[in-house]
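Printed here is data-v7.txt (compact mmCIF, C-alpha atoms and all ligand atoms):
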```
# COMPACT_ATOMS: atom_id res chain seq x y z
CA MET A 7 -10.47 -30.94 -25.25
CA VAL A 8 -11.80 -27.80 -23.64
CA ILE A 9 -9.27 -24.95 -23.59
CA ASN A 10 -9.83 -22.08 -21.17
CA THR A 11 -8.00 -19.06 -22.55
CA CYS A 12 -6.54 -15.82 -21.27
CA GLY A 13 -6.46 -12.78 -23.53
CA PHE A 14 -5.77 -9.53 -21.74
CA ILE A 15 -2.22 -8.78 -22.93
CA GLY A 16 -0.06 -9.76 -25.88
CA ASP A 17 1.91 -12.55 -24.18
CA ALA A 18 -1.21 -14.18 -22.79
CA LYS A 19 -2.92 -14.04 -26.19
CA GLN A 20 0.07 -15.63 -27.86
CA GLU A 21 0.23 -18.43 -25.30
CA SER A 22 -3.48 -19.11 -25.72
CA VAL A 23 -3.27 -19.21 -29.52
CA GLU A 24 -0.24 -21.53 -29.40
CA THR A 25 -2.12 -23.86 -27.06
CA ILE A 26 -5.16 -23.91 -29.36
CA LEU A 27 -2.99 -24.62 -32.40
CA GLY A 28 -1.25 -27.47 -30.57
CA TYR A 29 -4.55 -29.20 -29.83
CA VAL A 30 -5.94 -28.47 -33.30
CA GLN A 31 -2.87 -30.31 -34.61
CA ALA A 32 -3.60 -33.21 -32.25
CA LYS A 33 -7.19 -33.27 -33.57
CA SER A 34 -5.93 -33.41 -37.18
CA GLU A 35 -3.79 -36.41 -36.20
CA GLY A 36 -6.84 -38.17 -34.80
CA LYS A 37 -5.67 -37.93 -31.17
CA LEU A 38 -8.68 -35.84 -30.20
CA LYS A 39 -12.25 -35.77 -31.38
CA HIS A 40 -13.23 -32.20 -30.57
CA VAL A 41 -11.60 -28.96 -29.52
CA TYR A 42 -13.63 -26.30 -27.72
CA VAL A 43 -12.27 -22.90 -26.74
CA MET A 44 -13.65 -20.73 -23.98
CA GLY A 45 -12.61 -17.79 -21.80
CA CYS A 46 -11.27 -14.30 -22.34
CA LEU A 47 -9.54 -14.73 -25.68
CA SER A 48 -12.65 -16.08 -27.36
CA GLU A 49 -14.84 -13.47 -25.63
CA ARG A 50 -12.64 -10.79 -27.14
CA TYR A 51 -11.82 -12.18 -30.58
CA ARG A 52 -14.47 -14.80 -31.29
CA GLU A 53 -15.20 -13.86 -34.92
CA GLN A 54 -11.56 -13.49 -35.84
CA LEU A 55 -10.71 -16.83 -34.23
CA ARG A 56 -13.58 -18.56 -36.00
CA ASN A 57 -12.18 -17.36 -39.32
CA ASP A 58 -8.55 -18.04 -38.49
CA ILE A 59 -8.88 -21.43 -36.77
CA PRO A 60 -11.97 -23.11 -38.28
CA GLU A 61 -10.79 -26.51 -36.97
CA VAL A 62 -12.04 -25.52 -33.51
CA ASP A 63 -15.53 -27.00 -32.99
CA ALA A 64 -16.91 -24.06 -31.02
CA PHE A 65 -15.88 -20.87 -29.23
CA TYR A 66 -17.49 -19.63 -26.01
CA GLY A 67 -17.20 -16.37 -24.13
CA VAL A 68 -16.77 -15.84 -20.40
CA ASN A 69 -20.42 -16.18 -19.42
CA GLU A 70 -21.52 -19.23 -21.36
CA LEU A 71 -21.01 -22.01 -18.87
CA LYS A 72 -24.52 -23.29 -19.40
CA THR A 73 -24.13 -23.46 -23.18
CA ILE A 74 -20.80 -25.24 -23.10
CA VAL A 75 -21.98 -27.78 -20.54
CA GLY A 76 -25.05 -28.44 -22.73
CA ASP A 77 -22.97 -28.75 -25.91
CA LEU A 78 -20.79 -31.31 -24.18
CA GLY A 79 -23.90 -33.38 -23.60
CA ALA A 80 -24.08 -32.79 -19.85
CA HIS A 81 -26.85 -31.45 -17.69
CA TYR A 82 -26.27 -28.00 -16.21
CA ASN A 83 -27.06 -28.29 -12.51
CA LYS A 84 -27.07 -25.01 -10.62
CA ARG A 85 -26.78 -26.79 -7.29
CA LEU A 86 -23.28 -27.89 -8.25
CA LEU A 87 -22.04 -24.32 -8.57
CA GLY A 88 -19.21 -23.86 -6.09
CA GLU A 89 -18.36 -27.56 -6.12
CA ARG A 90 -14.76 -27.70 -7.15
CA MET A 91 -12.44 -29.99 -9.03
CA ILE A 92 -9.10 -28.65 -7.98
CA SER A 93 -6.65 -28.24 -10.82
CA THR A 94 -3.82 -26.99 -8.60
CA PRO A 95 -1.94 -29.42 -6.31
CA SER A 96 -4.60 -30.63 -3.90
CA HIS A 97 -3.27 -28.74 -0.84
CA TYR A 98 -3.88 -25.24 -2.18
CA ALA A 99 -6.68 -23.64 -4.15
CA TYR A 100 -7.62 -20.26 -5.57
CA LEU A 101 -10.92 -18.90 -4.33
CA LYS A 102 -12.57 -16.31 -6.54
CA ILE A 103 -14.63 -13.83 -4.55
CA ALA A 104 -15.83 -11.55 -7.36
CA GLU A 105 -15.85 -11.23 -11.10
CA GLY A 106 -15.15 -8.21 -13.29
CA CYS A 107 -13.85 -4.78 -12.35
CA ASP A 108 -15.27 -1.28 -11.89
CA ARG A 109 -11.92 0.48 -12.20
CA LYS A 110 -10.90 2.31 -15.32
CA CYS A 111 -7.14 1.70 -15.50
CA SER A 112 -6.27 3.07 -18.91
CA PHE A 113 -4.04 0.18 -20.00
CA CYS A 114 -6.36 -2.62 -18.96
CA ALA A 115 -8.63 -4.69 -21.21
CA ILE A 116 -10.18 -6.69 -18.37
CA PRO A 117 -13.26 -4.55 -17.62
CA GLY A 118 -14.08 -4.69 -21.34
CA ILE A 119 -13.84 -8.46 -21.36
CA ARG A 120 -15.28 -9.37 -17.97
CA GLY A 121 -17.62 -6.45 -17.31
CA GLY A 122 -18.17 -4.54 -14.07
CA HIS A 123 -17.37 -5.81 -10.56
CA VAL A 124 -19.83 -8.37 -9.18
CA SER A 125 -19.08 -9.67 -5.68
CA ARG A 126 -20.18 -13.18 -4.81
CA SER A 127 -22.21 -13.39 -1.64
CA SER A 128 -20.11 -14.18 1.43
CA ALA A 129 -22.37 -17.17 2.19
CA ASP A 130 -21.52 -18.64 -1.21
CA ILE A 131 -17.81 -18.04 -0.78
CA LEU A 132 -17.70 -19.49 2.73
CA LYS A 133 -19.57 -22.59 1.58
CA GLU A 134 -17.06 -23.12 -1.18
CA ALA A 135 -14.18 -22.52 1.23
CA GLN A 136 -15.59 -25.10 3.65
CA GLY A 137 -15.77 -27.61 0.80
CA LEU A 138 -12.14 -26.92 -0.06
CA VAL A 139 -10.99 -27.39 3.53
CA ASP A 140 -13.06 -30.57 3.84
CA ASN A 141 -11.22 -31.86 0.80
CA GLY A 142 -7.78 -31.27 2.31
CA VAL A 143 -6.93 -27.80 1.06
CA LYS A 144 -4.41 -26.15 3.42
CA GLU A 145 -3.96 -22.83 1.70
CA ILE A 146 -6.82 -20.75 0.29
CA ILE A 147 -5.66 -18.05 -2.07
CA VAL A 148 -8.26 -15.31 -2.34
CA ILE A 149 -8.46 -13.67 -5.74
CA SER A 150 -10.55 -11.41 -7.96
CA GLN A 151 -9.62 -8.55 -10.23
CA ASP A 152 -9.77 -6.10 -7.32
CA THR A 153 -10.03 -7.77 -3.93
CA THR A 154 -10.10 -4.59 -1.83
CA TYR A 155 -13.31 -3.54 -3.64
CA TYR A 156 -15.08 -6.68 -2.43
CA GLY A 157 -18.52 -6.05 -0.93
CA LEU A 158 -19.02 -2.48 -2.13
CA ASP A 159 -21.54 -3.47 -4.81
CA LEU A 160 -23.30 -6.05 -2.65
CA TYR A 161 -23.20 -4.69 0.90
CA GLY A 162 -22.56 -0.97 0.28
CA LYS A 163 -19.13 -1.14 1.91
CA ARG A 164 -15.80 -2.85 1.48
CA THR A 165 -16.03 -6.07 3.47
CA ILE A 166 -12.86 -7.90 2.53
CA ALA A 167 -11.49 -7.70 6.09
CA GLY A 168 -14.56 -9.44 7.54
CA LEU A 169 -14.55 -12.02 4.79
CA LEU A 170 -10.91 -12.92 5.43
CA GLY A 171 -11.66 -13.22 9.15
CA GLU A 172 -14.45 -15.72 8.38
CA LEU A 173 -12.21 -17.65 6.01
CA ALA A 174 -9.50 -17.74 8.67
CA LYS A 175 -11.97 -19.45 11.03
CA ILE A 176 -12.95 -22.02 8.42
CA ASN A 177 -9.33 -22.81 7.55
CA GLU A 178 -8.03 -22.48 11.08
CA ASN A 179 -5.19 -24.95 10.63
CA GLY A 180 -4.12 -23.60 7.29
CA TRP A 181 -3.34 -20.36 5.51
CA ILE A 182 -5.44 -17.65 3.91
CA ARG A 183 -3.59 -15.56 1.34
CA LEU A 184 -4.84 -12.43 -0.37
CA HIS A 185 -3.88 -11.26 -3.86
CA TYR A 186 -4.53 -8.14 -5.97
CA ALA A 187 -5.25 -5.59 -3.26
CA TYR A 188 -5.86 -2.44 -5.28
CA PRO A 189 -4.22 0.53 -3.53
CA HIS A 190 -6.88 3.22 -4.04
CA GLY A 191 -9.56 2.96 -1.34
CA PHE A 192 -7.48 0.34 0.51
CA PRO A 193 -9.57 -0.55 3.59
CA ARG A 194 -7.53 -0.02 6.77
CA GLU A 195 -9.48 -2.76 8.60
CA LEU A 196 -7.75 -5.21 6.29
CA LEU A 197 -4.48 -4.49 8.08
CA SER A 198 -6.00 -5.25 11.48
CA ALA A 199 -7.51 -8.46 10.12
CA ILE A 200 -4.12 -9.61 8.82
CA ARG A 201 -2.40 -8.62 12.06
CA GLU A 202 -4.96 -10.25 14.32
CA HIS A 203 -5.41 -13.61 12.58
CA LYS A 204 -2.36 -15.78 12.84
CA ASN A 205 -3.35 -17.82 9.83
CA ILE A 206 -3.96 -14.92 7.41
CA CYS A 207 -0.60 -14.70 5.68
CA LYS A 208 1.32 -11.53 6.50
CA TYR A 209 1.60 -10.98 2.80
CA ILE A 210 0.14 -8.15 0.80
CA ASP A 211 0.14 -8.17 -2.95
CA ILE A 212 -0.55 -4.60 -3.96
CA PRO A 213 -0.12 -3.87 -7.67
CA LEU A 214 1.11 -0.26 -7.98
CA GLN A 215 1.97 -0.18 -11.73
CA HIS A 216 4.05 3.02 -11.53
CA ILE A 217 5.13 5.80 -9.20
CA ASN A 218 5.49 8.84 -11.45
CA ASN A 219 2.53 11.17 -10.95
CA ARG A 220 2.01 12.00 -14.63
CA ILE A 221 1.90 8.33 -15.53
CA LEU A 222 -0.29 7.39 -12.56
CA ARG A 223 -2.76 10.10 -13.62
CA SER A 224 -2.72 8.95 -17.22
CA MET A 225 -3.19 5.36 -16.05
CA LYS A 226 -6.20 6.56 -14.01
CA ARG A 227 -5.01 4.69 -10.95
CA GLY A 228 -6.60 7.16 -8.58
CA LEU A 229 -3.61 7.37 -6.22
CA SER A 230 -0.73 9.85 -6.32
CA SER A 231 2.88 9.02 -5.69
CA GLU A 232 2.72 10.74 -2.27
CA LYS A 233 -0.35 8.76 -1.18
CA THR A 234 1.22 5.54 -2.42
CA LEU A 235 4.29 6.16 -0.25
CA LYS A 236 2.07 6.91 2.73
CA LEU A 237 0.11 3.70 2.20
CA ILE A 238 3.26 1.59 2.09
CA GLU A 239 4.50 3.25 5.27
CA THR A 240 1.16 2.54 6.99
CA ILE A 241 1.11 -1.10 5.91
CA ARG A 242 4.65 -1.67 7.15
CA LYS A 243 3.96 0.10 10.42
CA GLU A 244 0.73 -1.77 11.14
CA ILE A 245 1.97 -5.21 10.16
CA PRO A 246 5.57 -5.56 11.30
CA GLY A 247 7.40 -8.07 9.15
CA VAL A 248 4.81 -7.97 6.37
CA ILE A 249 5.95 -9.33 3.02
CA LEU A 250 5.07 -6.79 0.34
CA ARG A 251 4.61 -7.81 -3.24
CA SER A 252 3.95 -5.40 -6.08
CA SER A 253 3.94 -5.25 -9.86
CA PHE A 254 4.83 -2.52 -12.29
CA ILE A 255 4.51 -1.71 -15.96
CA VAL A 256 7.42 -0.28 -17.94
CA GLY A 257 7.09 1.36 -21.34
CA TYR A 258 3.67 2.95 -20.81
CA PRO A 259 3.00 5.45 -23.66
CA GLY A 260 5.20 8.50 -23.30
CA GLU A 261 7.29 7.06 -20.43
CA THR A 262 10.42 9.19 -20.52
CA ASP A 263 13.79 8.08 -19.28
CA GLN A 264 13.37 10.37 -16.28
CA GLU A 265 9.95 8.92 -15.41
CA TYR A 266 11.37 5.45 -15.69
CA ARG A 267 14.34 6.42 -13.46
CA GLU A 268 11.85 7.64 -10.85
CA LEU A 269 10.26 4.19 -10.86
CA LEU A 270 13.64 2.46 -10.66
CA GLU A 271 14.67 4.62 -7.72
CA PHE A 272 11.36 3.94 -6.00
CA VAL A 273 11.90 0.18 -6.36
CA ARG A 274 15.45 0.54 -5.04
CA VAL A 275 14.47 2.63 -2.02
CA THR A 276 11.23 0.85 -1.10
CA GLY A 277 12.74 -2.60 -1.15
CA PHE A 278 9.71 -4.71 -2.01
CA ASP A 279 10.01 -8.27 -0.85
CA ARG A 280 8.56 -9.61 -4.08
CA LEU A 281 8.20 -7.90 -7.41
CA GLY A 282 6.85 -8.46 -10.91
CA VAL A 283 7.61 -6.16 -13.86
CA PHE A 284 5.67 -6.26 -17.10
CA ALA A 285 6.26 -4.72 -20.50
CA TYR A 286 3.41 -2.43 -21.52
CA SER A 287 1.03 -4.15 -23.94
CA HIS A 288 -0.92 -1.83 -26.27
CA GLU A 289 -4.45 -3.25 -26.18
CA GLU A 290 -7.28 -2.23 -28.48
CA GLY A 291 -10.42 -1.10 -26.71
CA THR A 292 -8.52 0.36 -23.74
CA PRO A 293 -8.34 4.13 -23.09
CA ALA A 294 -4.55 4.04 -23.46
CA PHE A 295 -4.93 2.67 -26.98
CA LYS A 296 -5.60 6.23 -28.09
CA LEU A 297 -2.10 7.22 -26.93
CA ARG A 298 0.97 6.61 -29.06
CA ASP A 299 2.72 3.37 -28.16
CA ASP A 300 5.98 5.19 -28.55
CA VAL A 301 8.52 3.55 -26.25
CA ASN A 302 10.88 1.41 -28.25
CA ARG A 303 10.51 -2.35 -27.47
CA LYS A 304 14.26 -2.73 -26.94
CA ILE A 305 14.22 0.09 -24.40
CA ILE A 306 11.21 -1.47 -22.65
CA GLN A 307 13.07 -4.76 -22.38
CA GLU A 308 16.16 -3.01 -21.01
CA ARG A 309 14.08 -1.16 -18.41
CA LEU A 310 12.40 -4.38 -17.37
CA GLU A 311 15.69 -6.20 -16.98
CA GLU A 312 17.29 -3.32 -15.09
CA ILE A 313 14.50 -3.24 -12.51
CA MET A 314 14.65 -6.99 -12.09
CA GLU A 315 18.42 -6.80 -11.59
CA VAL A 316 17.96 -4.23 -8.83
CA GLN A 317 15.26 -6.41 -7.33
CA GLU A 318 17.52 -9.44 -7.42
CA GLY A 319 20.01 -7.62 -5.18
CA ILE A 320 17.25 -6.52 -2.81
CA SER A 321 15.88 -10.04 -2.65
CA LEU A 322 19.31 -11.54 -1.97
CA ASN A 323 19.89 -9.14 0.92
CA LYS A 324 16.50 -9.89 2.39
CA ASN A 325 17.06 -13.62 2.04
CA LEU A 326 20.51 -13.40 3.67
CA GLY A 327 18.82 -11.57 6.54
CA ARG A 328 16.70 -14.65 7.14
CA LEU A 329 19.63 -16.99 7.73
CA GLY A 330 19.12 -18.82 11.00
CA SER A 331 15.46 -17.85 11.32
CA LYS A 332 12.89 -20.45 12.18
CA LEU A 333 9.91 -20.50 9.86
CA ARG A 334 6.84 -22.55 9.15
CA VAL A 335 6.68 -23.78 5.55
CA LEU A 336 4.16 -25.66 3.47
CA ILE A 337 5.62 -28.55 1.50
CA ASP A 338 4.59 -28.24 -2.15
CA ARG A 339 6.38 -31.12 -3.87
CA ARG A 340 9.49 -33.25 -4.15
CA GLU A 341 11.87 -32.35 -6.95
CA GLY A 342 15.07 -34.35 -7.38
CA ASP A 343 17.13 -34.15 -4.19
CA TYR A 344 14.88 -31.58 -2.51
CA TYR A 345 11.47 -31.02 -1.07
CA ILE A 346 10.18 -27.68 -2.35
CA ALA A 347 8.25 -25.60 0.16
CA ARG A 348 6.96 -22.04 0.69
CA THR A 349 6.74 -19.65 3.62
CA GLU A 350 3.63 -17.57 4.32
CA GLY A 351 5.41 -14.81 2.39
CA ASP A 352 5.43 -16.77 -0.83
CA SER A 353 2.59 -17.45 -3.20
CA PRO A 354 2.79 -20.49 -5.51
CA GLU A 355 4.59 -20.13 -8.83
CA ILE A 356 5.36 -16.42 -8.57
CA ASP A 357 7.42 -16.09 -5.37
CA ASN A 358 10.45 -17.61 -3.66
CA GLU A 359 10.79 -21.22 -2.61
CA VAL A 360 12.43 -23.03 0.29
CA LEU A 361 14.49 -26.09 -0.58
CA ILE A 362 14.85 -28.82 2.03
CA PRO A 363 17.27 -31.70 1.32
CA ALA A 364 15.35 -34.91 0.81
CA ASP A 365 18.29 -36.92 2.10
CA GLY A 366 17.59 -37.80 5.72
CA ASN A 367 14.19 -36.08 5.77
CA LYS A 368 10.81 -37.60 5.26
CA LEU A 369 8.26 -34.89 4.52
CA LYS A 370 4.78 -35.11 3.10
CA ARG A 371 3.37 -32.93 0.35
CA GLY A 372 0.65 -30.60 1.61
CA THR A 373 1.82 -30.61 5.24
CA PHE A 374 3.40 -27.85 7.30
CA SER A 375 6.91 -28.20 8.60
CA ASP A 376 8.96 -25.99 10.93
CA VAL A 377 12.40 -25.31 9.51
CA ILE A 378 15.54 -23.31 10.11
CA ILE A 379 17.05 -21.36 7.21
CA THR A 380 20.56 -22.59 6.52
CA SER A 381 21.54 -20.80 3.35
CA ALA A 382 20.19 -18.25 0.91
CA GLU A 383 20.26 -17.28 -2.74
CA SER A 384 18.53 -14.39 -4.54
CA PHE A 385 15.19 -16.10 -4.91
CA ASP A 386 15.56 -19.33 -2.95
CA LEU A 387 16.18 -20.30 0.63
CA TYR A 388 17.62 -23.59 1.89
CA ALA A 389 16.46 -25.10 5.15
CA GLU A 390 16.51 -28.08 7.50
CA PRO A 391 13.53 -29.27 9.55
CA LEU A 392 13.79 -28.21 13.20
CA LYS A 393 12.64 -31.62 14.30
CA LYS A 394 15.67 -33.25 12.73
CA LEU A 395 17.93 -30.87 14.64
CA GLY A 396 16.01 -31.33 17.89
CA LEU A 397 14.87 -27.67 17.83
CA ARG A 398 11.48 -25.98 18.12
CA ARG A 399 9.92 -22.88 16.56
CA LYS A 400 8.97 -20.31 19.20
S1 LIG A 501 -8.02 -2.79 -11.15
FE1 LIG A 501 -6.92 -4.37 -12.29
S2 LIG A 501 -8.49 -5.43 -13.52
FE2 LIG A 501 -9.37 -3.48 -12.83
S3 LIG A 501 -9.01 -2.07 -14.53
FE3 LIG A 501 -7.30 -1.82 -13.07
S4 LIG A 501 -5.68 -3.23 -13.78
FE4 LIG A 501 -7.62 -3.81 -14.81
```

Before anything else, please render the file you have as structure tokens.
Amino acid sequence: MVINTCGFIGDAKQESVETILGYVQAKSEGKLKHVYVMGCLSERYREQLRNDIPEVDAFYGVNELKTIVGDLGAHYNKRLLGERMISTPSHYAYLKIAEGCDRKCSFCAIPGIRGGHVSRSSADILKEAQGLVDNGVKEIIVISQDTTYYGLDLYGKRTIAGLLGELAKINENGWIRLHYAYPHGFPRELLSAIREHKNICKYIDIPLQHINNRILRSMKRGLSSEKTLKLIETIRKEIPGVILRSSFIVGYPGETDQEYRELLEFVRVTGFDRLGVFAYSHEEGTPAFKLRDDVNRKIIQERLEEIMEVQEGISLNKNLGRLGSKLRVLIDRREGDYYIARTEGDSPEIDNEVLIPADGNKLKRGTFSDVIITSAESFDLYAEPLKKLGLRRK
């Protein structure tokens, strides 16, 4: 068993450790021969883990692919880099365009674990994308720690817009989706690329983390509240109908009730289409670790829940506004009495879903279907295929 771990915040560390312990138990029962652990958690805490969980055969960091492949008795073949075994459902895949991060967000352990930003060459990325499409992938989800930074280290300028355009050509019958668009230095050409290519999802995931200026400065996010508002206005103006996703942290050191209220009001007024809220995690080795982790955990939880409650209302209103609209969806799976699908405004696992009754419909996983929205809940839509109703999407 090879376990790839995550280790950048408390919850992720806990999940990784629980997973390791589960497989160590299986090894002690003779169900497994060996347990190997790799990835961020072991990069960060290798010595401690070795001492605490000696039953693990070996720990590897984030840059030891060659060693682990060798230890498993295989031959490391550089030519196979970029060849993928897809661990997601076969119709969508994440495509990593860079590794590491050059930003200095005060709360974040990632640059310490993964190092500085290194863009992959576009030729490499496009080759991998072609392989994915050839293997039936319909949705390519572009990721890295900071996707809007892409190209700066390699080509001297931000080239994410051009890269997405190339990917859109390769996956011309499918979708290209972009995640983690850092707001500071956001390249405007990206907006034109999204507007001009029909198959680049009109979906922008832009993690903002907070809106209060004191906190943004302390977080070293590089963008003031005023500039953030301007950016959102520009995005919405340039891409009508864009689905905006963001994420925020509550309970950052020193976050006062008033600063939190400012964030809550911002969420209420802005009306993000999709939202994630995280409890601040005090991580050693980060600049913010020097600050006092002084917001009570109960208060953090209450703030988190309050924002999500507000968001639930916003999401319900937005979903009700889609009643009767005709949309293209990608069928993800069948679950009980429904096919579960997503619109271009929904990323797998984190966003809304569209439920289509299985009764009387025969749909195939990994195919697109045109539907009409028939009913709505806070985070789910219900739909019927247009074909069944003898209708067409414009
Ligand atoms: S941009 Fe993202 S990965 Fe980079 S330091 Fe900031 S939060 Fe961490």

Restricting to all atoms listed in the file, whichever of A:Arg274, A:Lys394, A:His123, A:Lys243 is closest to ligand LIG 501 (chain A) is A:His123

From the list A:Glu268, A:Asp63, A:Glu289, A:Asp77, the nearest residue to ligand LIG 501 (chain A) using only C-alpha atoms and all ligand atoms is A:Glu289

Given 4 Å of margin on each side, can you work out the centre and size in Å (one decimal) of an axis-aligned box holding every listed atom of ligand LIG 501 (chain A), as AutoDock Vina command-line options?
```
--center_x -7.5 --center_y -3.6 --center_z -13.0 --size_x 11.7 --size_y 11.6 --size_z 11.7
```

Problem - Nearby polymer residues, ligand LIG 501 (chain A), at most 10 Å, all atoms listed in the file, as a count of residues only - result: 38

Nearest to Leu169 in chain A, restricted to all atoms listed in the file and choosing among A:Gly142, A:Ile206, A:Ile15, A:Arg201, comes out as A:Ile206

For the point (-15.9, -26.6, -0.1) in the file's frame, write as JSON, numbers by chain all residues with an atom no more than 12 Å away, counting all atoms listed in the file. {"A": [86, 87, 88, 89, 90, 91, 92, 99, 100, 101, 129, 130, 131, 132, 133, 134, 135, 136, 137, 138, 139, 140, 141, 142, 143, 146, 173, 176, 177]}

Polymer residues at most 7 Å from (0.9, 0.8, -21.2) by all atoms listed in the file, as a PDB file with C-alpha atoms, in the frame of the given file:
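Output below, filename point_9.pdb:
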```
ATOM      1  CA  PHE A 113      -4.040   0.180 -20.000  1.00  0.00           C
ATOM      2  CA  ILE A 255       4.510  -1.710 -15.960  1.00  0.00           C
ATOM      3  CA  GLY A 257       7.090   1.360 -21.340  1.00  0.00           C
ATOM      4  CA  TYR A 258       3.670   2.950 -20.810  1.00  0.00           C
ATOM      5  CA  PRO A 259       3.000   5.450 -23.660  1.00  0.00           C
ATOM      6  CA  TYR A 286       3.410  -2.430 -21.520  1.00  0.00           C
ATOM      7  CA  SER A 287       1.030  -4.150 -23.940  1.00  0.00           C
ATOM      8  CA  HIS A 288      -0.920  -1.830 -26.270  1.00  0.00           C
ATOM      9  CA  ALA A 294      -4.550   4.040 -23.460  1.00  0.00           C
TER      10      ALA A 294
END
```

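As for CA of Ile245 in chain A and CA of Asp211 in chain A, they are spaced 13.6 Å apart.
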
Which is closest to Val41 in chain A among A:Cys207, A:Ile320, A:Ile59, A:Ala64, if we use all atoms listed in the file?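 Closest residue, counting all atoms listed in the file: A:Ala64.
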
Nearest to Pro95 in chain A by atom-to-atom distance, counting only C-alpha atoms, from A:Ile378, A:Leu269, A:Ile337, A:Leu38
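Among the listed residues, the smallest separation from Pro95 in chain A belongs to A:Ile337.
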
Considering only C-alpha atoms, state which residue in the set A:Gly330, A:Thr240, A:Val256, A:Val275 is at the smallest distance from Leu310 in chain A.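 Smallest distance to Leu310 in chain A is found for A:Val256.
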
Long-range neighbours of Val43 in chain A as a list in words, 8 Å cut-off, only C-alpha atoms, 4 positions minimum in chain
Val8, Ile9, Asn10, Thr11, Ile26, Ser48, Val62, Ala64, Phe65 and Tyr66 of chain A

- Task: Using CA of Lys368 in chain A and CA of Glu145 in chain A as the two end points, give the distance in Å to one decimal.
- Result: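 Result for CA of Lys368 in chain A versus CA of Glu145 in chain A: 21.2 Å, one decimal.
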
One decimal, Å: what's the distance from CA of Gly13 in chain A over to CA of Cys46 in chain A, could you say?
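Going from CA of Gly13 in chain A over to CA of Cys46 in chain A covers 5.2 Å.
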
- Query: So which residues touch range 345-350 of chain A within 9 Å, counting only C-alpha atoms, skipping near sequence neighbours fewer than 6 positions away, as a PyMOL selection string?
  - Reply: chain A and resi 181+183+205-209+249+333-339+357-364+367+369-371+374-375
